[in-house]
file protein35.txt (compact mmCIF, N, CA and C atoms)
# COMPACT_ATOMS: atom_id res chain seq x y z
N ALA B 1 11.56 32.24 27.65
CA ALA B 1 12.38 31.45 28.56
C ALA B 1 12.32 32.09 29.96
N PRO B 2 11.96 31.32 30.96
CA PRO B 2 11.84 31.88 32.32
C PRO B 2 13.13 32.55 32.80
N ALA B 3 12.97 33.69 33.46
CA ALA B 3 14.12 34.48 33.91
C ALA B 3 14.85 33.84 35.09
N ASP B 4 14.20 32.90 35.81
CA ASP B 4 14.83 32.32 36.99
C ASP B 4 15.65 31.06 36.67
N ALA B 5 15.89 30.81 35.41
CA ALA B 5 16.69 29.65 34.99
C ALA B 5 17.88 30.14 34.17
N ARG B 6 18.82 29.23 33.95
CA ARG B 6 19.97 29.49 33.07
C ARG B 6 19.92 28.46 31.96
N TYR B 7 20.59 28.77 30.84
CA TYR B 7 20.42 27.98 29.63
C TYR B 7 21.75 27.59 29.01
N SER B 8 21.80 26.38 28.45
CA SER B 8 23.02 25.90 27.80
C SER B 8 22.87 25.98 26.29
N GLU B 9 23.99 25.93 25.60
CA GLU B 9 23.97 25.95 24.13
C GLU B 9 23.37 24.68 23.55
N THR B 10 23.25 23.63 24.37
CA THR B 10 22.63 22.38 23.91
C THR B 10 21.14 22.36 24.25
N HIS B 11 20.59 23.53 24.65
CA HIS B 11 19.15 23.76 24.80
C HIS B 11 18.51 23.05 26.00
N GLU B 12 19.25 23.01 27.11
CA GLU B 12 18.67 22.58 28.38
C GLU B 12 18.53 23.81 29.28
N TRP B 13 17.46 23.84 30.07
CA TRP B 13 17.36 24.85 31.11
C TRP B 13 17.79 24.24 32.43
N HIS B 14 18.40 25.06 33.26
CA HIS B 14 18.92 24.65 34.56
C HIS B 14 18.38 25.63 35.59
N LYS B 15 17.68 25.15 36.59
CA LYS B 15 17.15 26.00 37.65
C LYS B 15 17.75 25.52 38.97
N LEU B 16 18.37 26.43 39.69
CA LEU B 16 19.09 26.08 40.91
C LEU B 16 18.31 26.57 42.13
N ASP B 17 18.10 25.65 43.07
CA ASP B 17 17.46 25.97 44.34
C ASP B 17 18.36 25.42 45.44
N GLY B 18 19.19 26.29 46.03
CA GLY B 18 20.22 25.82 46.95
C GLY B 18 21.26 25.05 46.16
N ASP B 19 21.41 23.76 46.47
CA ASP B 19 22.34 22.93 45.68
C ASP B 19 21.60 21.89 44.84
N VAL B 20 20.29 22.06 44.68
CA VAL B 20 19.50 21.14 43.86
C VAL B 20 19.20 21.81 42.52
N LEU B 21 19.63 21.14 41.47
CA LEU B 21 19.48 21.63 40.11
C LEU B 21 18.34 20.85 39.44
N THR B 22 17.33 21.56 38.96
CA THR B 22 16.29 20.95 38.15
C THR B 22 16.62 21.27 36.70
N LEU B 23 16.47 20.27 35.84
CA LEU B 23 16.91 20.39 34.45
C LEU B 23 15.80 19.91 33.52
N GLY B 24 15.66 20.60 32.39
CA GLY B 24 14.70 20.21 31.37
C GLY B 24 15.11 20.74 30.02
N LEU B 25 14.28 20.49 29.03
CA LEU B 25 14.53 20.99 27.67
C LEU B 25 13.85 22.34 27.48
N THR B 26 14.48 23.20 26.70
CA THR B 26 13.91 24.51 26.42
C THR B 26 12.78 24.39 25.38
N GLN B 27 11.98 25.45 25.31
CA GLN B 27 10.92 25.49 24.31
C GLN B 27 11.51 25.41 22.91
N PHE B 28 12.66 26.03 22.70
CA PHE B 28 13.33 25.96 21.39
C PHE B 28 13.62 24.50 21.03
N ALA B 29 14.18 23.73 21.97
CA ALA B 29 14.50 22.32 21.72
C ALA B 29 13.22 21.53 21.41
N VAL B 30 12.19 21.79 22.19
CA VAL B 30 10.92 21.10 21.99
C VAL B 30 10.36 21.41 20.60
N ASN B 31 10.44 22.67 20.19
CA ASN B 31 9.95 23.05 18.86
C ASN B 31 10.74 22.36 17.76
N GLU B 32 12.05 22.23 17.95
CA GLU B 32 12.90 21.57 16.96
C GLU B 32 12.60 20.07 16.88
N LEU B 33 12.39 19.44 18.03
CA LEU B 33 12.16 17.99 18.07
C LEU B 33 10.74 17.62 17.64
N THR B 34 9.80 18.51 17.81
CA THR B 34 8.37 18.30 17.63
C THR B 34 7.86 17.29 18.66
N ASP B 35 7.04 16.34 18.27
CA ASP B 35 6.36 15.47 19.24
C ASP B 35 7.32 14.47 19.89
N ILE B 36 7.54 14.64 21.19
CA ILE B 36 8.42 13.75 21.94
C ILE B 36 7.63 12.50 22.31
N THR B 37 8.19 11.34 21.97
CA THR B 37 7.48 10.08 22.14
C THR B 37 8.07 9.16 23.20
N TYR B 38 9.32 9.41 23.61
CA TYR B 38 9.97 8.52 24.57
C TYR B 38 11.10 9.28 25.27
N VAL B 39 11.26 9.01 26.56
CA VAL B 39 12.31 9.63 27.36
C VAL B 39 13.05 8.54 28.11
N GLU B 40 14.37 8.57 28.04
CA GLU B 40 15.19 7.63 28.82
C GLU B 40 16.23 8.42 29.60
N ILE B 41 16.09 8.42 30.92
CA ILE B 41 16.98 9.18 31.80
C ILE B 41 17.72 8.19 32.70
N LYS B 42 18.98 8.51 32.98
CA LYS B 42 19.76 7.68 33.90
C LYS B 42 19.07 7.66 35.26
N PRO B 43 19.23 6.58 36.02
CA PRO B 43 18.50 6.45 37.29
C PRO B 43 19.08 7.32 38.41
N ALA B 44 18.25 7.54 39.42
CA ALA B 44 18.70 8.23 40.63
C ALA B 44 19.92 7.49 41.19
N GLY B 45 20.86 8.25 41.71
CA GLY B 45 22.10 7.68 42.22
C GLY B 45 23.24 7.77 41.24
N THR B 46 22.95 8.10 39.97
CA THR B 46 23.99 8.23 38.96
C THR B 46 24.81 9.49 39.22
N LYS B 47 26.14 9.32 39.27
CA LYS B 47 27.06 10.45 39.45
C LYS B 47 27.39 11.03 38.08
N LEU B 48 27.44 12.35 38.00
CA LEU B 48 27.67 13.04 36.74
C LEU B 48 28.76 14.09 36.90
N THR B 49 29.50 14.32 35.82
CA THR B 49 30.38 15.48 35.76
C THR B 49 29.72 16.49 34.83
N GLY B 50 30.13 17.75 34.90
CA GLY B 50 29.57 18.75 34.01
C GLY B 50 29.80 18.35 32.56
N GLY B 51 28.77 18.43 31.75
CA GLY B 51 28.86 18.05 30.35
C GLY B 51 28.43 16.62 30.07
N ASP B 52 28.16 15.84 31.13
CA ASP B 52 27.70 14.46 30.93
C ASP B 52 26.28 14.44 30.39
N THR B 53 25.97 13.38 29.67
CA THR B 53 24.59 13.16 29.24
C THR B 53 23.81 12.55 30.40
N ILE B 54 22.59 13.05 30.60
CA ILE B 54 21.72 12.49 31.63
C ILE B 54 20.76 11.47 31.02
N GLY B 55 20.72 11.41 29.71
CA GLY B 55 19.82 10.50 29.02
C GLY B 55 19.51 11.03 27.64
N GLU B 56 18.36 10.59 27.10
CA GLU B 56 17.98 11.02 25.77
C GLU B 56 16.47 11.10 25.65
N VAL B 57 16.06 11.90 24.68
CA VAL B 57 14.64 11.99 24.33
C VAL B 57 14.50 11.62 22.86
N GLU B 58 13.40 10.94 22.57
CA GLU B 58 13.11 10.55 21.19
C GLU B 58 11.84 11.26 20.75
N SER B 59 11.87 11.71 19.51
CA SER B 59 10.69 12.33 18.93
C SER B 59 10.43 11.69 17.58
N VAL B 60 9.38 12.16 16.92
CA VAL B 60 9.08 11.64 15.60
C VAL B 60 10.18 12.02 14.60
N LYS B 61 10.98 13.06 14.92
CA LYS B 61 12.02 13.52 14.01
C LYS B 61 13.41 12.99 14.32
N ALA B 62 13.74 12.83 15.62
CA ALA B 62 15.13 12.53 15.97
C ALA B 62 15.23 12.01 17.41
N THR B 63 16.40 11.45 17.71
CA THR B 63 16.77 11.14 19.08
C THR B 63 17.85 12.13 19.48
N SER B 64 17.70 12.70 20.67
CA SER B 64 18.62 13.75 21.09
C SER B 64 19.13 13.47 22.50
N ASP B 65 20.44 13.59 22.70
CA ASP B 65 21.00 13.48 24.04
C ASP B 65 20.67 14.72 24.84
N VAL B 66 20.57 14.55 26.15
CA VAL B 66 20.32 15.66 27.07
C VAL B 66 21.51 15.72 28.02
N TYR B 67 22.02 16.93 28.27
CA TYR B 67 23.25 17.12 29.04
C TYR B 67 23.01 17.97 30.28
N THR B 68 23.85 17.75 31.29
CA THR B 68 23.89 18.64 32.44
C THR B 68 25.15 19.50 32.37
N ALA B 69 25.03 20.75 32.78
CA ALA B 69 26.19 21.64 32.79
C ALA B 69 26.96 21.53 34.10
N LEU B 70 26.31 21.01 35.16
CA LEU B 70 26.95 20.97 36.47
C LEU B 70 27.17 19.53 36.94
N PRO B 71 28.22 19.30 37.72
CA PRO B 71 28.47 17.97 38.27
C PRO B 71 27.57 17.70 39.47
N GLY B 72 27.29 16.44 39.71
CA GLY B 72 26.49 16.08 40.87
C GLY B 72 25.94 14.67 40.75
N GLU B 73 24.88 14.42 41.51
CA GLU B 73 24.25 13.10 41.53
C GLU B 73 22.76 13.26 41.27
N ILE B 74 22.24 12.44 40.37
CA ILE B 74 20.80 12.45 40.11
C ILE B 74 20.09 12.00 41.38
N ILE B 75 19.17 12.84 41.88
CA ILE B 75 18.42 12.47 43.07
C ILE B 75 16.95 12.20 42.78
N GLU B 76 16.48 12.64 41.62
CA GLU B 76 15.09 12.39 41.26
C GLU B 76 14.93 12.46 39.75
N VAL B 77 14.13 11.53 39.22
CA VAL B 77 13.79 11.51 37.80
C VAL B 77 12.28 11.71 37.70
N ASN B 78 11.85 12.50 36.75
CA ASN B 78 10.42 12.75 36.56
C ASN B 78 9.77 11.52 35.95
N ASP B 79 9.25 10.64 36.81
CA ASP B 79 8.69 9.37 36.33
C ASP B 79 7.35 9.55 35.62
N LYS B 80 6.74 10.73 35.71
CA LYS B 80 5.50 10.98 34.96
C LYS B 80 5.75 10.93 33.45
N LEU B 81 7.01 11.16 33.05
CA LEU B 81 7.35 11.15 31.63
C LEU B 81 7.34 9.74 31.04
N ASP B 82 7.46 8.72 31.90
CA ASP B 82 7.37 7.33 31.40
C ASP B 82 6.01 7.08 30.77
N GLU B 83 4.97 7.58 31.43
CA GLU B 83 3.62 7.37 30.93
C GLU B 83 3.19 8.42 29.93
N ASP B 84 3.72 9.64 30.07
CA ASP B 84 3.27 10.74 29.22
C ASP B 84 4.43 11.66 28.84
N PRO B 85 5.28 11.21 27.89
CA PRO B 85 6.41 12.05 27.48
C PRO B 85 5.97 13.37 26.83
N SER B 86 4.71 13.47 26.42
CA SER B 86 4.23 14.71 25.80
C SER B 86 4.16 15.87 26.80
N LEU B 87 4.32 15.60 28.10
CA LEU B 87 4.40 16.68 29.09
C LEU B 87 5.53 17.64 28.74
N ILE B 88 6.59 17.12 28.13
CA ILE B 88 7.71 17.97 27.72
C ILE B 88 7.25 18.94 26.65
N ASN B 89 6.41 18.48 25.72
CA ASN B 89 5.90 19.35 24.67
C ASN B 89 4.93 20.40 25.23
N SER B 90 4.05 19.98 26.13
CA SER B 90 3.00 20.89 26.59
C SER B 90 3.47 21.83 27.70
N ASP B 91 4.47 21.43 28.49
CA ASP B 91 4.90 22.25 29.63
C ASP B 91 6.39 22.03 29.92
N PRO B 92 7.28 22.45 28.99
CA PRO B 92 8.70 22.12 29.14
C PRO B 92 9.36 22.75 30.37
N TYR B 93 8.83 23.89 30.85
CA TYR B 93 9.44 24.56 32.00
C TYR B 93 8.74 24.22 33.31
N GLY B 94 7.72 23.37 33.25
CA GLY B 94 6.96 23.00 34.44
C GLY B 94 6.90 21.50 34.61
N ALA B 95 5.74 20.91 34.30
CA ALA B 95 5.52 19.48 34.49
C ALA B 95 6.44 18.62 33.64
N GLY B 96 7.05 19.19 32.60
CA GLY B 96 7.93 18.44 31.71
C GLY B 96 9.40 18.44 32.12
N TRP B 97 9.71 18.82 33.36
CA TRP B 97 11.10 18.75 33.81
C TRP B 97 11.60 17.31 33.71
N LEU B 98 12.90 17.14 33.57
CA LEU B 98 13.46 15.80 33.37
C LEU B 98 14.06 15.19 34.62
N VAL B 99 14.91 15.95 35.32
CA VAL B 99 15.71 15.37 36.37
C VAL B 99 16.08 16.42 37.40
N LYS B 100 16.31 15.96 38.65
CA LYS B 100 16.86 16.83 39.70
C LYS B 100 18.21 16.25 40.11
N ILE B 101 19.18 17.14 40.24
CA ILE B 101 20.56 16.76 40.52
C ILE B 101 21.02 17.51 41.76
N LYS B 102 21.60 16.78 42.72
CA LYS B 102 22.25 17.43 43.86
C LYS B 102 23.63 17.83 43.38
N ALA B 103 23.82 19.13 43.18
CA ALA B 103 25.05 19.63 42.56
C ALA B 103 26.23 19.56 43.53
N ASP B 104 27.36 19.06 43.03
CA ASP B 104 28.61 19.05 43.81
C ASP B 104 29.25 20.42 43.82
N ASP B 105 29.06 21.15 42.74
CA ASP B 105 29.71 22.45 42.57
C ASP B 105 28.79 23.30 41.71
N THR B 106 28.31 24.40 42.26
CA THR B 106 27.37 25.26 41.53
C THR B 106 28.05 26.44 40.85
N SER B 107 29.36 26.49 40.90
CA SER B 107 30.07 27.66 40.36
C SER B 107 29.86 27.83 38.85
N GLY B 108 29.61 26.77 38.12
CA GLY B 108 29.40 26.86 36.68
C GLY B 108 28.03 27.39 36.29
N PHE B 109 27.13 27.50 37.27
CA PHE B 109 25.76 27.94 36.97
C PHE B 109 25.74 29.33 36.36
N ASP B 110 26.51 30.25 36.93
CA ASP B 110 26.51 31.63 36.44
C ASP B 110 27.13 31.77 35.06
N ALA B 111 27.89 30.76 34.62
CA ALA B 111 28.49 30.81 33.29
C ALA B 111 27.47 30.46 32.19
N LEU B 112 26.34 29.88 32.59
CA LEU B 112 25.30 29.57 31.62
C LEU B 112 24.60 30.86 31.18
N MET B 113 23.92 30.79 30.04
CA MET B 113 23.23 31.97 29.51
C MET B 113 22.01 32.32 30.37
N ASP B 114 21.79 33.61 30.56
CA ASP B 114 20.55 34.02 31.20
C ASP B 114 19.44 33.98 30.14
N SER B 115 18.20 34.18 30.58
CA SER B 115 17.07 34.03 29.66
C SER B 115 17.11 35.04 28.52
N GLU B 116 17.55 36.25 28.82
CA GLU B 116 17.59 37.29 27.78
C GLU B 116 18.60 36.92 26.69
N THR B 117 19.78 36.45 27.09
CA THR B 117 20.79 36.05 26.14
C THR B 117 20.32 34.85 25.32
N TYR B 118 19.77 33.84 26.01
CA TYR B 118 19.32 32.64 25.31
C TYR B 118 18.19 32.98 24.33
N SER B 119 17.21 33.73 24.79
CA SER B 119 16.08 34.09 23.93
C SER B 119 16.54 34.91 22.74
N GLY B 120 17.53 35.78 22.96
CA GLY B 120 18.05 36.59 21.87
C GLY B 120 18.75 35.76 20.80
N GLN B 121 19.42 34.70 21.23
CA GLN B 121 20.13 33.85 20.27
C GLN B 121 19.22 32.85 19.59
N TYR B 122 18.25 32.33 20.32
CA TYR B 122 17.44 31.21 19.81
C TYR B 122 15.96 31.53 19.68
N ASP B 123 15.59 32.78 19.93
CA ASP B 123 14.20 33.18 19.80
C ASP B 123 13.28 32.23 20.53
N ALA B 124 13.68 31.90 21.77
CA ALA B 124 12.89 30.96 22.57
C ALA B 124 11.81 31.72 23.31
call {"tool": "encode", "arguments": {"input": "protein35.txt", "output": "structure tokens"}}
result
Amino acid sequence: APADARYSETHEWHKLDGDVLTLGLTQFAVNELTDITYVEIKPAGTKLTGGDTIGEVESVKATSDVYTALPGEIIEVNDKLDEDPSLINSDPYGAGWLVKIKADDTSGFDALMDSETYSGQYDA
């Protein structure tokens, strides 16, 4: 798990750059879901509170909700996933990112797990 991100217990990674939060699924989540076949994310302009679902991913095994830990507004959705949802499987921390959120409040970011803690708990 990359050291420059923070991690939630629901297996999303959160990377903060100023007040812009990029969010995706962890390698652990990808391994559990196996082959991701479809992604549905709320559109840009959607307002979120911390803990809200940003959408869902479907795999051959299950459908799983995806959550944000921080409040804000979706400013960008990774539209490459519409054509190729397998980007999440092949590059979950890079090309497989899901959404960018302009955070209203970043104070909850430090409460998320760091990579060492997350990897220790989930062997990611």
call {"tool": "residues_around", "arguments": {"input": "protein35.txt", "residues": "Ile88 (chain B)", "least_positions_apart": "5", "cutoff": "7 Å", "atoms": "only N, CA and C atoms", "output": "ChimeraX atom specification"}}
result
/B:30,36,81,93,95-97
call {"tool": "atom_distance", "arguments": {"input": "protein35.txt", "atom1": "CA of Ser64 (chain B)", "atom2": "atom C of Ile41 (chain B)"}}
result
12.9 Å
call {"tool": "atom_distance", "arguments": {"input": "protein35.txt", "atom1": "atom C of Leu98 (chain B)", "atom2": "atom C of Asn78 (chain B)"}}
result
5.8 Å
call {"tool": "select_by_dssp", "arguments": {"input": "protein35.txt", "residues": "region 32-97 of chain B", "states": "alpha helix (DSSP H)", "output": "list in words"}}
result
Glu32, Leu33, Lys80, Leu81, Asp82, Glu83, Leu87, Ile88, Asn89 and Ser90 of chain B
call {"tool": "residues_around", "arguments": {"input": "protein35.txt", "residues": "region 26-29 of chain B", "least_positions_apart": "4", "cutoff": "6.5 Å", "atoms": "all atoms listed in the file", "output": "PyMOL selection string"}}
result
chain B and resi 11-13+33-34+92+122-124
call {"tool": "closest_residue", "arguments": {"input": "protein35.txt", "among": "B:Glu116, B:Glu58, B:Asp105, B:Glu76", "to": "Leu23 (chain B)", "atoms": "only C-alpha atoms"}}
result
B:Glu76
call {"tool": "atom_distance", "arguments": {"input": "protein35.txt", "atom1": "CA of Asp110 (chain B)", "atom2": "atom C of Thr10 (chain B)"}}
result
16.2 Å
call {"tool": "residues_around", "arguments": {"input": "protein35.txt", "residues": "Asp35 (chain B)", "least_positions_apart": "4", "cutoff": "12 Å", "atoms": "only C-alpha atoms", "output": "ChimeraX atom specification"}}
result
/B:29-31,39,57-63,84-90
call {"tool": "select_by_dssp", "arguments": {"input": "protein35.txt", "residues": "chain B", "states": "strand (DSSP E)", "output": "MDAnalysis selection string"}}
result
chainID B and resid 6:7 12:17 20:25 36:41 47:48 53:59 63:67 72:77 99:103
call {"tool": "write_last_selection", "arguments": {"input": "protein35.txt", "atoms": "N, CA and C atoms", "output": "CSV table (one decimal), in the frame of the given file"}}
result
chain,number,residue,atom,x,y,z
B,6,ARG,N,18.8,29.2,34.0
B,6,ARG,CA,20.0,29.5,33.1
B,6,ARG,C,19.9,28.5,32.0
B,7,TYR,N,20.6,28.8,30.8
B,7,TYR,CA,20.4,28.0,29.6
B,7,TYR,C,21.8,27.6,29.0
B,12,GLU,N,19.2,23.0,27.1
B,12,GLU,CA,18.7,22.6,28.4
B,12,GLU,C,18.5,23.8,29.3
B,13,TRP,N,17.5,23.8,30.1
B,13,TRP,CA,17.4,24.8,31.1
B,13,TRP,C,17.8,24.2,32.4
B,14,HIS,N,18.4,25.1,33.3
B,14,HIS,CA,18.9,24.6,34.6
B,14,HIS,C,18.4,25.6,35.6
B,15,LYS,N,17.7,25.2,36.6
B,15,LYS,CA,17.2,26.0,37.6
B,15,LYS,C,17.8,25.5,39.0
B,16,LEU,N,18.4,26.4,39.7
B,16,LEU,CA,19.1,26.1,40.9
B,16,LEU,C,18.3,26.6,42.1
B,17,ASP,N,18.1,25.6,43.1
B,17,ASP,CA,17.5,26.0,44.3
B,17,ASP,C,18.4,25.4,45.4
B,20,VAL,N,20.3,22.1,44.7
B,20,VAL,CA,19.5,21.1,43.9
B,20,VAL,C,19.2,21.8,42.5
B,21,LEU,N,19.6,21.1,41.5
B,21,LEU,CA,19.5,21.6,40.1
B,21,LEU,C,18.3,20.8,39.4
B,22,THR,N,17.3,21.6,39.0
B,22,THR,CA,16.3,21.0,38.2
B,22,THR,C,16.6,21.3,36.7
B,23,LEU,N,16.5,20.3,35.8
B,23,LEU,CA,16.9,20.4,34.4
B,23,LEU,C,15.8,19.9,33.5
B,24,GLY,N,15.7,20.6,32.4
B,24,GLY,CA,14.7,20.2,31.4
B,24,GLY,C,15.1,20.7,30.0
B,25,LEU,N,14.3,20.5,29.0
B,25,LEU,CA,14.5,21.0,27.7
B,25,LEU,C,13.8,22.3,27.5
B,36,ILE,N,7.5,14.6,21.2
B,36,ILE,CA,8.4,13.8,21.9
B,36,ILE,C,7.6,12.5,22.3
B,37,THR,N,8.2,11.3,22.0
B,37,THR,CA,7.5,10.1,22.1
B,37,THR,C,8.1,9.2,23.2
B,38,TYR,N,9.3,9.4,23.6
B,38,TYR,CA,10.0,8.5,24.6
B,38,TYR,C,11.1,9.3,25.3
B,39,VAL,N,11.3,9.0,26.6
B,39,VAL,CA,12.3,9.6,27.4
B,39,VAL,C,13.0,8.5,28.1
B,40,GLU,N,14.4,8.6,28.0
B,40,GLU,CA,15.2,7.6,28.8
B,40,GLU,C,16.2,8.4,29.6
B,41,ILE,N,16.1,8.4,30.9
B,41,ILE,CA,17.0,9.2,31.8
B,41,ILE,C,17.7,8.2,32.7
B,47,LYS,N,26.1,9.3,39.3
B,47,LYS,CA,27.1,10.4,39.4
B,47,LYS,C,27.4,11.0,38.1
B,48,LEU,N,27.4,12.4,38.0
B,48,LEU,CA,27.7,13.0,36.7
B,48,LEU,C,28.8,14.1,36.9
B,53,THR,N,26.0,13.4,29.7
B,53,THR,CA,24.6,13.2,29.2
B,53,THR,C,23.8,12.6,30.4
B,54,ILE,N,22.6,13.0,30.6
B,54,ILE,CA,21.7,12.5,31.6
B,54,ILE,C,20.8,11.5,31.0
B,55,GLY,N,20.7,11.4,29.7
B,55,GLY,CA,19.8,10.5,29.0
B,55,GLY,C,19.5,11.0,27.6
B,56,GLU,N,18.4,10.6,27.1
B,56,GLU,CA,18.0,11.0,25.8
B,56,GLU,C,16.5,11.1,25.6
B,57,VAL,N,16.1,11.9,24.7
B,57,VAL,CA,14.6,12.0,24.3
B,57,VAL,C,14.5,11.6,22.9
B,58,GLU,N,13.4,10.9,22.6
B,58,GLU,CA,13.1,10.6,21.2
B,58,GLU,C,11.8,11.3,20.8
B,59,SER,N,11.9,11.7,19.5
B,59,SER,CA,10.7,12.3,18.9
B,59,SER,C,10.4,11.7,17.6
B,63,THR,N,16.4,11.4,17.7
B,63,THR,CA,16.8,11.1,19.1
B,63,THR,C,17.8,12.1,19.5
B,64,SER,N,17.7,12.7,20.7
B,64,SER,CA,18.6,13.8,21.1
B,64,SER,C,19.1,13.5,22.5
B,65,ASP,N,20.4,13.6,22.7
B,65,ASP,CA,21.0,13.5,24.0
B,65,ASP,C,20.7,14.7,24.8
B,66,VAL,N,20.6,14.6,26.2
B,66,VAL,CA,20.3,15.7,27.1
B,66,VAL,C,21.5,15.7,28.0
B,67,TYR,N,22.0,16.9,28.3
B,67,TYR,CA,23.2,17.1,29.0
B,67,TYR,C,23.0,18.0,30.3
B,72,GLY,N,27.3,16.4,39.7
B,72,GLY,CA,26.5,16.1,40.9
B,72,GLY,C,25.9,14.7,40.8
B,73,GLU,N,24.9,14.4,41.5
B,73,GLU,CA,24.2,13.1,41.5
B,73,GLU,C,22.8,13.3,41.3
B,74,ILE,N,22.2,12.4,40.4
B,74,ILE,CA,20.8,12.4,40.1
B,74,ILE,C,20.1,12.0,41.4
B,75,ILE,N,19.2,12.8,41.9
B,75,ILE,CA,18.4,12.5,43.1
B,75,ILE,C,17.0,12.2,42.8
B,76,GLU,N,16.5,12.6,41.6
B,76,GLU,CA,15.1,12.4,41.3
B,76,GLU,C,14.9,12.5,39.8
B,77,VAL,N,14.1,11.5,39.2
B,77,VAL,CA,13.8,11.5,37.8
B,77,VAL,C,12.3,11.7,37.7
B,99,VAL,N,14.9,16.0,35.3
B,99,VAL,CA,15.7,15.4,36.4
B,99,VAL,C,16.1,16.4,37.4
B,100,LYS,N,16.3,16.0,38.6
B,100,LYS,CA,16.9,16.8,39.7
B,100,LYS,C,18.2,16.2,40.1
B,101,ILE,N,19.2,17.1,40.2
B,101,ILE,CA,20.6,16.8,40.5
B,101,ILE,C,21.0,17.5,41.8
B,102,LYS,N,21.6,16.8,42.7
B,102,LYS,CA,22.2,17.4,43.9
B,102,LYS,C,23.6,17.8,43.4
B,103,ALA,N,23.8,19.1,43.2
B,103,ALA,CA,25.0,19.6,42.6
B,103,ALA,C,26.2,19.6,43.5
call {"tool": "residues_around", "arguments": {"input": "protein35.txt", "residues": "Pro43 (chain B)", "least_positions_apart": "2", "cutoff": "12 Å", "atoms": "only C-alpha atoms", "output": "PyMOL selection string"}}
result
chain B and resi 40-41+45-48+54-55+73-79+98-101
call {"tool": "decode", "arguments": {"input": "protein35.txt", "residues": "region 8-22 of chain B", "atoms": "N, CA and C atoms", "output": "PDB file, in the first residue's frame"}}
result
ATOM      1  N   SER B   8      -9.052   3.316   4.624  1.00  0.00           N
ATOM      2  CA  SER B   8     -10.236   3.136   5.467  1.00  0.00           C
ATOM      3  C   SER B   8     -10.462   1.654   5.727  1.00  0.00           C
ATOM      4  N   GLU B   9     -11.257   1.367   6.749  1.00  0.00           N
ATOM      5  CA  GLU B   9     -11.579  -0.025   7.070  1.00  0.00           C
ATOM      6  C   GLU B   9     -12.457  -0.669   6.008  1.00  0.00           C
ATOM      7  N   THR B  10     -13.058   0.155   5.132  1.00  0.00           N
ATOM      8  CA  THR B  10     -13.874  -0.382   4.035  1.00  0.00           C
ATOM      9  C   THR B  10     -13.032  -0.546   2.764  1.00  0.00           C
ATOM     10  N   HIS B  11     -11.698  -0.435   2.900  1.00  0.00           N
ATOM     11  CA  HIS B  11     -10.726  -0.769   1.850  1.00  0.00           C
ATOM     12  C   HIS B  11     -10.689   0.208   0.679  1.00  0.00           C
ATOM     13  N   GLU B  12     -10.828   1.501   0.995  1.00  0.00           N
ATOM     14  CA  GLU B  12     -10.569   2.542   0.011  1.00  0.00           C
ATOM     15  C   GLU B  12      -9.272   3.247   0.391  1.00  0.00           C
ATOM     16  N   TRP B  13      -8.505   3.652  -0.614  1.00  0.00           N
ATOM     17  CA  TRP B  13      -7.366   4.518  -0.350  1.00  0.00           C
ATOM     18  C   TRP B  13      -7.769   5.951  -0.654  1.00  0.00           C
ATOM     19  N   HIS B  14      -7.208   6.866   0.106  1.00  0.00           N
ATOM     20  CA  HIS B  14      -7.493   8.294  -0.004  1.00  0.00           C
ATOM     21  C   HIS B  14      -6.158   9.019  -0.100  1.00  0.00           C
ATOM     22  N   LYS B  15      -5.952   9.772  -1.155  1.00  0.00           N
ATOM     23  CA  LYS B  15      -4.720  10.535  -1.330  1.00  0.00           C
ATOM     24  C   LYS B  15      -5.096  12.008  -1.419  1.00  0.00           C
ATOM     25  N   LEU B  16      -4.494  12.822  -0.571  1.00  0.00           N
ATOM     26  CA  LEU B  16      -4.854  14.229  -0.472  1.00  0.00           C
ATOM     27  C   LEU B  16      -3.757  15.088  -1.090  1.00  0.00           C
ATOM     28  N   ASP B  17      -4.172  15.983  -1.989  1.00  0.00           N
ATOM     29  CA  ASP B  17      -3.268  16.956  -2.596  1.00  0.00           C
ATOM     30  C   ASP B  17      -3.919  18.318  -2.436  1.00  0.00           C
ATOM     31  N   GLY B  18      -3.489  19.072  -1.420  1.00  0.00           N
ATOM     32  CA  GLY B  18      -4.182  20.316  -1.076  1.00  0.00           C
ATOM     33  C   GLY B  18      -5.541  19.958  -0.508  1.00  0.00           C
ATOM     34  N   ASP B  19      -6.606  20.401  -1.188  1.00  0.00           N
ATOM     35  CA  ASP B  19      -7.956  20.025  -0.742  1.00  0.00           C
ATOM     36  C   ASP B  19      -8.634  19.076  -1.728  1.00  0.00           C
ATOM     37  N   VAL B  20      -7.857  18.491  -2.640  1.00  0.00           N
ATOM     38  CA  VAL B  20      -8.402  17.532  -3.603  1.00  0.00           C
ATOM     39  C   VAL B  20      -8.023  16.120  -3.164  1.00  0.00           C
ATOM     40  N   LEU B  21      -9.052  15.323  -2.968  1.00  0.00           N
ATOM     41  CA  LEU B  21      -8.906  13.950  -2.511  1.00  0.00           C
ATOM     42  C   LEU B  21      -9.121  13.013  -3.699  1.00  0.00           C
ATOM     43  N   THR B  22      -8.132  12.179  -3.994  1.00  0.00           N
ATOM     44  CA  THR B  22      -8.294  11.125  -4.989  1.00  0.00           C
ATOM     45  C   THR B  22      -8.558   9.838  -4.222  1.00  0.00           C
TER      46      THR B  22
END
